[in-house]
Amino acid sequence: MNKSTDSLPRENSFDPSADTDSTQALQVALRPWGFDEREVRSWLDGLPSLGGRLAWTVARDRVAQDAALVVHVVKPSRRAADAFCWNCVGANHAMVRALDGARSEIVLFAGEAMQLPHRRAGFWSVAGDLPAHAALHALAYMIGASAGKDADGQWGMRRDLLSIIAQRLDA
């Protein structure tokens with residue numbers, strides 16, 4: 001027996017035409033590692049807000065206090081003779097610290113999986129063949145799909161869901 005999907009509850013669905021309060025948007029901070037801040041800032045206008053559901057900024061400090069989610073954007077820096085990616089060191093250290101916190105933090109690695117450090121903490125998403133800004137664009141939709149409001153009406157992330165759907169962005 002087939003059941004129509006028209007009868008599914010709509011209260012948790014995203015309506016892009018609905019008016020939204022920007023103070024209620026999920027605050028997403030981009031933390032660049034190896035990218036020039038001006039370059040990352042130039043991507044902000046092109047990133048989807050999903051009808052006001054996401055608000056993007058560039059983290060100007062390590063804490064990024066106002067952010068509900070921090071996306072560490074890492075440019076690969078491994079050279080052929082290097083044993084590890086220099087830009088990955090800071091992002092990995094930040095991810096180790098984030099594991100104890102309540103806020104979600106993820107890494108967008110703007111390279112290939114073979115360039116990743118073997119030992120890393122937290123969730124790392126791989127851009128693969130996509131340019132970093134295009135990978136962020138794709139990741140935005142996955143963040144939107146993984147976000148939801150808790151019982152208090154505060155935005156939060158389903159880390160388990162995001163880790164499933166956003167592993168390799170160019171696949």
# chains A, B, ... in the order shown; residues from 1 in each chain; ligands from 1

call {"tool": "closest_atom_pairs", "arguments": {"of": "segment 86-110 of chain A", "to": "segment 59-76 of chain A", "cutoff": "6 Å", "atoms": "only C-alpha atoms", "output": "tab-separated table"}}
result
residue	atom	partner	partner_atom	distance
A:Arg103	CA	A:Ala68	CA	5.9
A:Ser104	CA	A:Leu69	CA	5.1
A:Glu105	CA	A:Val70	CA	4.7
A:Ile106	CA	A:Val71	CA	5.1
A:Val107	CA	A:His72	CA	4.5
A:Leu108	CA	A:Val73	CA	4.9
A:Phe109	CA	A:Val74	CA	4.9
A:Ala110	CA	A:Lys75	CA	5.3

call {"tool": "write_last_selection", "arguments": {"atoms": "N, CA and C atoms", "output": "short mmCIF file (atom, residue, chain, number, x, y, z; two decimals), in the first residue's frame"}}
result
data_model
loop_
_atom_site.label_atom_id
_atom_site.label_comp_id
_atom_site.auth_asym_id
_atom_site.auth_seq_id
_atom_site.Cartn_x
_atom_site.Cartn_y
_atom_site.Cartn_z
N ARG A 103 28.41 23.94 21.79
CA ARG A 103 28.21 24.43 20.43
C ARG A 103 28.78 23.46 19.42
N SER A 104 28.14 23.38 18.28
CA SER A 104 28.62 22.54 17.19
C SER A 104 29.71 23.27 16.42
N GLU A 105 30.74 22.55 16.07
CA GLU A 105 31.81 23.06 15.21
C GLU A 105 32.16 21.96 14.22
N ILE A 106 32.37 22.37 12.98
CA ILE A 106 32.76 21.42 11.95
C ILE A 106 33.88 22.04 11.13
N VAL A 107 34.56 21.21 10.38
CA VAL A 107 35.62 21.67 9.49
C VAL A 107 35.19 21.41 8.06
N LEU A 108 35.35 22.43 7.22
CA LEU A 108 35.22 22.25 5.78
C LEU A 108 36.64 22.26 5.23
N PHE A 109 37.10 21.10 4.80
CA PHE A 109 38.44 20.97 4.26
C PHE A 109 38.37 21.19 2.76
N ALA A 110 39.00 22.24 2.27
CA ALA A 110 38.92 22.62 0.86
C ALA A 110 39.98 21.88 0.04
#

call {"tool": "atom_distance", "arguments": {"atom1": "atom CA of Ala140 of chain A", "atom2": "atom CA of Glu39 of chain A"}}
result
17.8 Å

call {"tool": "residues_around", "arguments": {"residues": "segment 126-136 of chain A", "least_positions_apart": "2", "cutoff": "7 Å", "atoms": "only C-alpha atoms", "output": "VMD selection string"}}
result
chain A and resid 43 108 to 113 124 138 to 140 167 to 170

call {"tool": "atom_distance", "arguments": {"atom1": "atom CA of Gly101 of chain A", "atom2": "atom CA of Gly156 of chain A"}}
result
13.0 Å

call {"tool": "closest_residue", "arguments": {"among": "A:Val58, A:Phe123, A:Tyr141, A:Leu161", "to": "Arg41 of chain A", "atoms": "only C-alpha atoms"}}
result
A:Val58

call {"tool": "closest_residue", "arguments": {"among": "A:His137, A:Gly153, A:Ala166, A:Gly122", "to": "Asp45 of chain A", "atoms": "only C-alpha atoms"}}
result
A:His137

call {"tool": "atom_distance", "arguments": {"atom1": "atom CA of Gly46 of chain A", "atom2": "atom CA of Ala145 of chain A"}}
result
18.5 Å

call {"tool": "select_by_dssp", "arguments": {"residues": "segment 31-154 of chain A", "states": "strand (DSSP E or B)", "output": "PyMOL selection string"}}
result
chain A and resi 31-33+54-58+69-74+104-109+123-126+147-149

call {"tool": "write_last_selection", "arguments": {"atoms": "C-alpha atoms", "output": "CSV table (one decimal), in the first residue's frame"}}
result
chain,number,residue,atom,x,y,z
A,31,ARG,CA,36.7,30.6,10.8
A,32,PRO,CA,39.4,30.7,8.0
A,33,TRP,CA,42.6,28.7,8.3
A,54,LEU,CA,20.9,31.0,8.4
A,55,ALA,CA,22.9,34.1,9.2
A,56,TRP,CA,26.6,34.1,8.1
A,57,THR,CA,29.6,36.0,9.5
A,58,VAL,CA,33.3,35.7,9.7
A,69,LEU,CA,27.8,26.9,14.7
A,70,VAL,CA,31.4,27.5,13.7
A,71,VAL,CA,32.6,26.2,10.3
A,72,HIS,CA,36.4,26.1,10.2
A,73,VAL,CA,37.3,26.6,6.5
A,74,VAL,CA,40.7,25.0,6.0
A,104,SER,CA,28.6,22.5,17.2
A,105,GLU,CA,31.8,23.1,15.2
A,106,ILE,CA,32.8,21.4,11.9
A,107,VAL,CA,35.6,21.7,9.5
A,108,LEU,CA,35.2,22.2,5.8
A,109,PHE,CA,38.4,21.0,4.3
A,123,PHE,CA,33.7,16.2,12.1
A,124,TRP,CA,35.6,17.1,8.9
A,125,SER,CA,33.7,17.6,5.6
A,126,VAL,CA,35.7,17.3,2.4
A,147,ALA,CA,19.3,22.5,12.1
A,148,GLY,CA,16.2,22.7,14.3
A,149,LYS,CA,14.8,24.5,17.3
